[in-house]
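Here's the structure, in structure tokens; my notes come after.
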Amino acid sequence: MNVLTNIPLSQLTTMRLGGIASYVADVTTRDEIPQIYANAKKANQPVYIVGGGSNLIAHDEGFPGVIVRIAIPGIEQVEEDAESVTIRANGGEAWDNLVKYTVDRNLTGIEAMSGIPGTVGAAPVQNIGAYGQELADTFISLEAYDTREDRFVLLTWEDCDFSYRHSIFRGSEQGRYIIYSVKLKLWKRPPMPPFYNSLQARFDSMHITDFTPQIVREHVLAIRADKLPDPAKMANSGSFFKNAIVEQWQLDNIKNQVESVKAFDFGEGKFKIPAGWLIEHCNLRGESFNGFKVHDGNAVVLVNESATSYSQLAEARDHITSEVFTRFQVQLEQEPLELTPPTAQPIERVV
Ligand SMILES: Cc1cc2nc3c(=O)[nH]c(=O)nc-3n(C[C@H](O)[C@H](O)[C@H](O)COP(=O)(O)OP(=O)(O)OC[C@H]3O[C@@H](n4cnc5c(N)ncnc54)[C@H](O)[C@@H]3O)c2cc1C
């Protein structure tokens with residue numbers, strides 16, 4: 001285990017904000033997970049798990065405790081039958097390495113999620129998704145260290161309670177589990193059209209009618225390279241807001257203002273409206289506030305151009321949400337989680 005001291009959180013998160021973390025521990029074996037947790041507990045130090053920091057906003061106060069990174073890569077095939085292959089990947093593996101591994105074996109199921117930054121261990125936390133696929137579609141189970149029970153546990157699909165960009169790991173059980181490995185079931189059949197709107201439109205315009213996981217991956221990566229700023233070049237956390245899930249009356253209200261609103265049926269009488277569309281229709285695309293810019297190519301992305309403090313981000317976020325609410329009566333919700341300093345009972349509450 002490698003432990004560093006006094007590390008700026010701005011170096012561990014792609015939005016590049018945040019003060020000093022007292023310790024950063026890279027665990028390199030499964031056994032080190034309970035060890036670091038027990039040591040931190042004995043020293044009364046709170047613990048927080050950080051992967052690639054691509055969905056995490058750190059605060060100026062930093063973190064007076066131990067940031068743990070699961071530096072345990074590895075992917076293996078664990079089962080196979082006539083139609084499917086089950087893969088287990090460790091939490092420290094880069095998510096996109098896992099996608100590439102499955103695509104290289106001509107397996108279908110996560111190819112549309114190519115290019116999502118971050119680690120396998122973080123993928124269940126917000127049930128990552130893109131271009132019509134989400135983790136929950138292929139997820140079987142995960143192994144996690146349960147910090148409440150002090151033991152490793154197996155959690156099934158039902159246990160995780162996945163929904164749109166949500167699971168127990170960012171809901172009712174936030175901070176409880178350290179995800180060690182994830183098991184997914186991939187299909188041997190080719191990906192089938194129709195694909196997600198923008199992907200299908202691209203295939204149609206290029207007259208592509210034969211689909212393989214590799215073709216889907218290539219085109220998703222091409223679309224993403226056009227639409228999303230690379231965090232290595234421009235600090236950002238990807239989509240800063242979740243897409244809005246609205247009621248019929250809200251959709252009617254928006255339609256009265258902009259008839260061509262992009263809305264997708266979300267079931268149970270609800271509709272999904274891209275957050276970027278709402279922001280764009282408040283004329284905020286390309287606007288800058290407090291060192292942040294609403295990205296020119298994709299209005300749901302906030303780029304940190306020069307900001308150094310969390311309060312600058314909070315003001316920019318509140319400005320955008322209030323403009324959208326005033327115009328459309330829709331409350332946008334922030335997608336990235338916040339790495340907040342511990343309050344009372346840190347070991348139980350903050351991971
Ligand atoms: C340019 C860009 C594009 C993006 N595109 C997409 C997209 O298309 N779809 C999408 O869904 N997301 C997208 N994201 C968001 C982000 O990449 C994902 O949410 C990703 O899963 C975060 O992984 P991470 O390792 O960086 O997690 P972090 O940001 O480090 O952590 C996120 C949360 O997960 C927790 N966590 C991390 N690892 C573990 C673990 N092993 N055990 C328990 N908890 C853990 C952390 O404590 C934290 O609460 C994008 C981000 C960027 C910057």
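In the structure tokens, the first chain shown is A, the next is B, and so on; residue numbers restart at 1 for each chain, and ligands run from 1 in the order shown.
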
Item checked: Residue list (strand (DSSP E), DSSP) for region 98-188 of chain A, as a list in words ->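 Matching residues for strand (DSSP E) in region 98-188 of chain A are Gly129, Ala130, Gln133, Glu134, Phe139, Ile140, Ser141, Leu142, Glu143, Ala144, Tyr145, Asp146, Arg151, Phe152, Val153, Leu154, Leu155, Thr156, Tyr177, Ile178, Ile179, Tyr180, Ser181, Val182, Lys183, Leu184, Lys185, Leu186 and Trp187 of chain A.
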
Let's have the selection written as a JSON list (two decimals), in the first residue's frame, with N, CA, C and O atoms.
```json
[["chain", "number", "residue", "atom", "x", "y", "z"],
["A", 129, "GLY", "N", -24.30, 5.37, -17.78],
["A", 129, "GLY", "CA", -25.03, 5.07, -19.00],
["A", 129, "GLY", "C", -24.67, 6.04, -20.10],
["A", 129, "GLY", "O", -24.19, 7.15, -19.84],
["A", 130, "ALA", "N", -24.88, 5.59, -21.34],
["A", 130, "ALA", "CA", -24.67, 6.45, -22.50],
["A", 130, "ALA", "C", -25.22, 5.76, -23.73],
["A", 130, "ALA", "O", -25.17, 4.53, -23.83],
["A", 133, "GLN", "N", -27.46, 2.59, -23.50],
["A", 133, "GLN", "CA", -27.13, 1.48, -22.59],
["A", 133, "GLN", "C", -26.86, 2.03, -21.20],
["A", 133, "GLN", "O", -26.43, 3.16, -21.06],
["A", 134, "GLU", "N", -27.11, 1.21, -20.18],
["A", 134, "GLU", "CA", -26.68, 1.58, -18.83],
["A", 134, "GLU", "C", -26.14, 0.33, -18.14],
["A", 134, "GLU", "O", -26.43, -0.81, -18.56],
["A", 139, "PHE", "N", -25.47, -5.91, -15.65],
["A", 139, "PHE", "CA", -24.94, -6.16, -14.31],
["A", 139, "PHE", "C", -25.52, -7.45, -13.71],
["A", 139, "PHE", "O", -26.72, -7.69, -13.77],
["A", 140, "ILE", "N", -24.63, -8.25, -13.11],
["A", 140, "ILE", "CA", -25.07, -9.46, -12.40],
["A", 140, "ILE", "C", -24.95, -9.24, -10.89],
["A", 140, "ILE", "O", -25.91, -9.42, -10.15],
["A", 141, "SER", "N", -23.72, -8.88, -10.44],
["A", 141, "SER", "CA", -23.49, -8.73, -9.01],
["A", 141, "SER", "C", -22.18, -7.99, -8.78],
["A", 141, "SER", "O", -21.41, -7.76, -9.74],
["A", 142, "LEU", "N", -21.93, -7.62, -7.54],
["A", 142, "LEU", "CA", -20.63, -7.04, -7.22],
["A", 142, "LEU", "C", -20.19, -7.53, -5.85],
["A", 142, "LEU", "O", -21.03, -7.96, -5.03],
["A", 143, "GLU", "N", -18.87, -7.47, -5.64],
["A", 143, "GLU", "CA", -18.34, -7.81, -4.33],
["A", 143, "GLU", "C", -17.85, -6.50, -3.71],
["A", 143, "GLU", "O", -17.14, -5.72, -4.37],
["A", 144, "ALA", "N", -18.27, -6.27, -2.47],
["A", 144, "ALA", "CA", -17.89, -5.00, -1.83],
["A", 144, "ALA", "C", -17.51, -5.26, -0.39],
["A", 144, "ALA", "O", -17.98, -6.24, 0.22],
["A", 145, "TYR", "N", -16.69, -4.37, 0.15],
["A", 145, "TYR", "CA", -16.40, -4.42, 1.58],
["A", 145, "TYR", "C", -17.46, -3.57, 2.28],
["A", 145, "TYR", "O", -17.63, -2.39, 1.96],
["A", 146, "ASP", "N", -18.19, -4.21, 3.20],
["A", 146, "ASP", "CA", -19.26, -3.53, 3.91],
["A", 146, "ASP", "C", -18.66, -2.91, 5.17],
["A", 146, "ASP", "O", -18.29, -3.64, 6.11],
["A", 151, "ARG", "N", -17.03, -6.71, 6.74],
["A", 151, "ARG", "CA", -16.79, -7.96, 5.99],
["A", 151, "ARG", "C", -17.12, -7.74, 4.51],
["A", 151, "ARG", "O", -17.86, -6.81, 4.17],
["A", 152, "PHE", "N", -16.56, -8.62, 3.67],
["A", 152, "PHE", "CA", -16.90, -8.55, 2.24],
["A", 152, "PHE", "C", -18.27, -9.17, 2.03],
["A", 152, "PHE", "O", -18.61, -10.18, 2.67],
["A", 153, "VAL", "N", -19.06, -8.57, 1.14],
["A", 153, "VAL", "CA", -20.41, -9.08, 0.85],
["A", 153, "VAL", "C", -20.62, -9.11, -0.67],
["A", 153, "VAL", "O", -19.93, -8.41, -1.42],
["A", 154, "LEU", "N", -21.58, -9.94, -1.09],
["A", 154, "LEU", "CA", -21.97, -10.00, -2.50],
["A", 154, "LEU", "C", -23.31, -9.28, -2.64],
["A", 154, "LEU", "O", -24.25, -9.61, -1.91],
["A", 155, "LEU", "N", -23.39, -8.32, -3.53],
["A", 155, "LEU", "CA", -24.66, -7.61, -3.74],
["A", 155, "LEU", "C", -25.17, -7.93, -5.14],
["A", 155, "LEU", "O", -24.42, -7.83, -6.12],
["A", 156, "THR", "N", -26.44, -8.30, -5.23],
["A", 156, "THR", "CA", -27.03, -8.66, -6.52],
["A", 156, "THR", "C", -27.65, -7.42, -7.17],
["A", 156, "THR", "O", -27.74, -6.35, -6.56],
["A", 177, "TYR", "N", -20.39, 1.01, 1.30],
["A", 177, "TYR", "CA", -19.69, -0.09, 0.62],
["A", 177, "TYR", "C", -18.47, 0.39, -0.17],
["A", 177, "TYR", "O", -18.53, 1.41, -0.85],
["A", 178, "ILE", "N", -17.40, -0.40, -0.12],
["A", 178, "ILE", "CA", -16.24, -0.16, -0.98],
["A", 178, "ILE", "C", -16.27, -1.26, -2.05],
["A", 178, "ILE", "O", -16.11, -2.44, -1.73],
["A", 179, "ILE", "N", -16.52, -0.85, -3.28],
["A", 179, "ILE", "CA", -16.74, -1.85, -4.33],
["A", 179, "ILE", "C", -15.40, -2.41, -4.80],
["A", 179, "ILE", "O", -14.53, -1.67, -5.26],
["A", 180, "TYR", "N", -15.27, -3.73, -4.64],
["A", 180, "TYR", "CA", -14.00, -4.39, -4.97],
["A", 180, "TYR", "C", -14.01, -4.94, -6.40],
["A", 180, "TYR", "O", -13.04, -4.82, -7.14],
["A", 181, "SER", "N", -15.13, -5.56, -6.81],
["A", 181, "SER", "CA", -15.19, -6.11, -8.18],
["A", 181, "SER", "C", -16.64, -6.15, -8.65],
["A", 181, "SER", "O", -17.57, -6.13, -7.83],
["A", 182, "VAL", "N", -16.79, -6.21, -9.97],
["A", 182, "VAL", "CA", -18.13, -6.15, -10.59],
["A", 182, "VAL", "C", -18.22, -7.28, -11.62],
["A", 182, "VAL", "O", -17.26, -7.53, -12.34],
["A", 183, "LYS", "N", -19.39, -7.95, -11.65],
["A", 183, "LYS", "CA", -19.61, -9.04, -12.61],
["A", 183, "LYS", "C", -20.68, -8.62, -13.62],
["A", 183, "LYS", "O", -21.77, -8.18, -13.21],
["A", 184, "LEU", "N", -20.38, -8.76, -14.91],
["A", 184, "LEU", "CA", -21.33, -8.39, -15.97],
["A", 184, "LEU", "C", -21.53, -9.56, -16.91],
["A", 184, "LEU", "O", -20.60, -10.33, -17.16],
["A", 185, "LYS", "N", -22.76, -9.65, -17.46],
["A", 185, "LYS", "CA", -23.05, -10.69, -18.45],
["A", 185, "LYS", "C", -23.20, -10.05, -19.82],
["A", 185, "LYS", "O", -24.07, -9.18, -20.02],
["A", 186, "LEU", "N", -22.34, -10.45, -20.76],
["A", 186, "LEU", "CA", -22.35, -9.89, -22.11],
["A", 186, "LEU", "C", -22.88, -10.94, -23.09],
["A", 186, "LEU", "O", -22.78, -12.13, -22.83],
["A", 187, "TRP", "N", -23.39, -10.45, -24.22],
["A", 187, "TRP", "CA", -24.04, -11.35, -25.18],
["A", 187, "TRP", "C", -23.16, -11.63, -26.39],
["A", 187, "TRP", "O", -22.40, -10.76, -26.83]]
```

Next item on the list: Write as a PyMOL selection string the residues around ligand 1, taking 6 Å as the cut-off and counting only C-alpha atoms and all ligand atoms.
Entry: chain A and resi 48-56+70+91+116-119+121-123+125+128-130+177-180+228-231+236-238+337

Margin query: Env of Met192 (chain A): 10 Å cut, atoms = only C-alpha atoms, seq-sep filter 4 positions within chain, self excluded. Answer as an MDAnalysis selection string.
Written below: chainID A and resid 108 210:213

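Considering only C-alpha atoms, the residue among A:Pro46, A:Pro124, A:Pro73, A:Pro194 positioned nearest to Leu98 (chain A) is A:Pro73.
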
Checklist line | Pick from A:Leu339, A:Ala232, A:Ile223, A:Ala314 nearest to Asn298 (chain A), counting only C-alpha atoms | finding: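 Going through A:Leu339, A:Ala232, A:Ile223, A:Ala314 one by one, the smallest distance to Asn298 (chain A) is for A:Ile223.
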
Next item on the list: Using only C-alpha atoms, determine which residues lie at most 12 Å from Ala222 (chain A), disregarding the query and same-chain residues fewer than 6 positions distant; provide the list as a list in words.
Entry: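 Skipping anything fewer than 6 positions along the chain leaves Ala112, Ser114, Gly115, Ser198, Leu199, Arg202, Phe203, Ile215, Val216 and Leu228 of chain A.
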
Notebook entry, point to check: From the set A:Ile33, A:Ala40, A:Met234, A:Leu107, which residue has the shortest atom-to-atom contact distance to Val303 (chain A), counting only C-alpha atoms?
Noted result: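 The answer is A:Met234, which sits nearest to Val303 (chain A).
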
Notebook entry, point to check: Which distance in Å separates CA of Gly269 (chain A) and CA of Gly132 (chain A), to one decimal?
Noted result: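 It comes out at 19.8 Å.
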
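Note that DSSP on the backbone gives alpha helix (DSSP H) to these residues of region 21-97 of chain A: Glu32, Ile33, Pro34, Gln35, Ile36, Tyr37, Ala38, Asn39, Ala40, Lys41, Lys42, Trp95, Asp96 and Asn97 of chain A.
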
List the spatial neighbours of Val120 (chain A) as an mmCIF file with N, CA and C atoms, in the first residue's frame - criterion: any atom at most 6 Å away, only C-alpha atoms, same-chain residues fewer than 6 positions off excluded.
```
data_model
loop_
_atom_site.group_PDB
_atom_site.id
_atom_site.type_symbol
_atom_site.label_atom_id
_atom_site.label_comp_id
_atom_site.auth_asym_id
_atom_site.auth_seq_id
_atom_site.Cartn_x
_atom_site.Cartn_y
_atom_site.Cartn_z
ATOM 1 N N GLY A 91 -12.330 -3.318 -9.230
ATOM 2 C CA GLY A 91 -12.756 -1.925 -9.103
ATOM 3 C C GLY A 91 -11.756 -0.908 -9.599
ATOM 4 N N GLU A 93 -9.857 -1.180 -12.225
ATOM 5 C CA GLU A 93 -9.667 -1.202 -13.676
ATOM 6 C C GLU A 93 -10.329 0.036 -14.293
ATOM 7 N N ALA A 94 -9.705 0.590 -15.334
ATOM 8 C CA ALA A 94 -10.353 1.717 -16.030
ATOM 9 C C ALA A 94 -11.589 1.181 -16.750
ATOM 10 N N TRP A 95 -12.714 1.882 -16.608
ATOM 11 C CA TRP A 95 -13.957 1.421 -17.229
ATOM 12 C C TRP A 95 -13.758 1.168 -18.720
#
```

Next item on the list: Could you jot down the CA of Ala136 (chain A) to CA of Glu268 (chain A) separation for me, Å, one decimal place?
Entry: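 Atom-to-atom, CA of Ala136 (chain A) to CA of Glu268 (chain A), that is 19.4 Å.
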
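Non-sequential neighbours of Ala82 (chain A) (distance at most 12 Å, separation of 3 or more positions within a chain, only C-alpha atoms) are Glu79, Val85, Thr86, Leu186, Trp187, Lys188 and Arg189 of chain A.
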
Check: Excluding same-chain residues fewer than 3 positions from Leu4 (chain A), what lies within 7 Å of it counting only C-alpha atoms, as a list in words?
Finding: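 With the cut-off at 7 Å, the set is Tyr23, Val24 and Ala25 of chain A.
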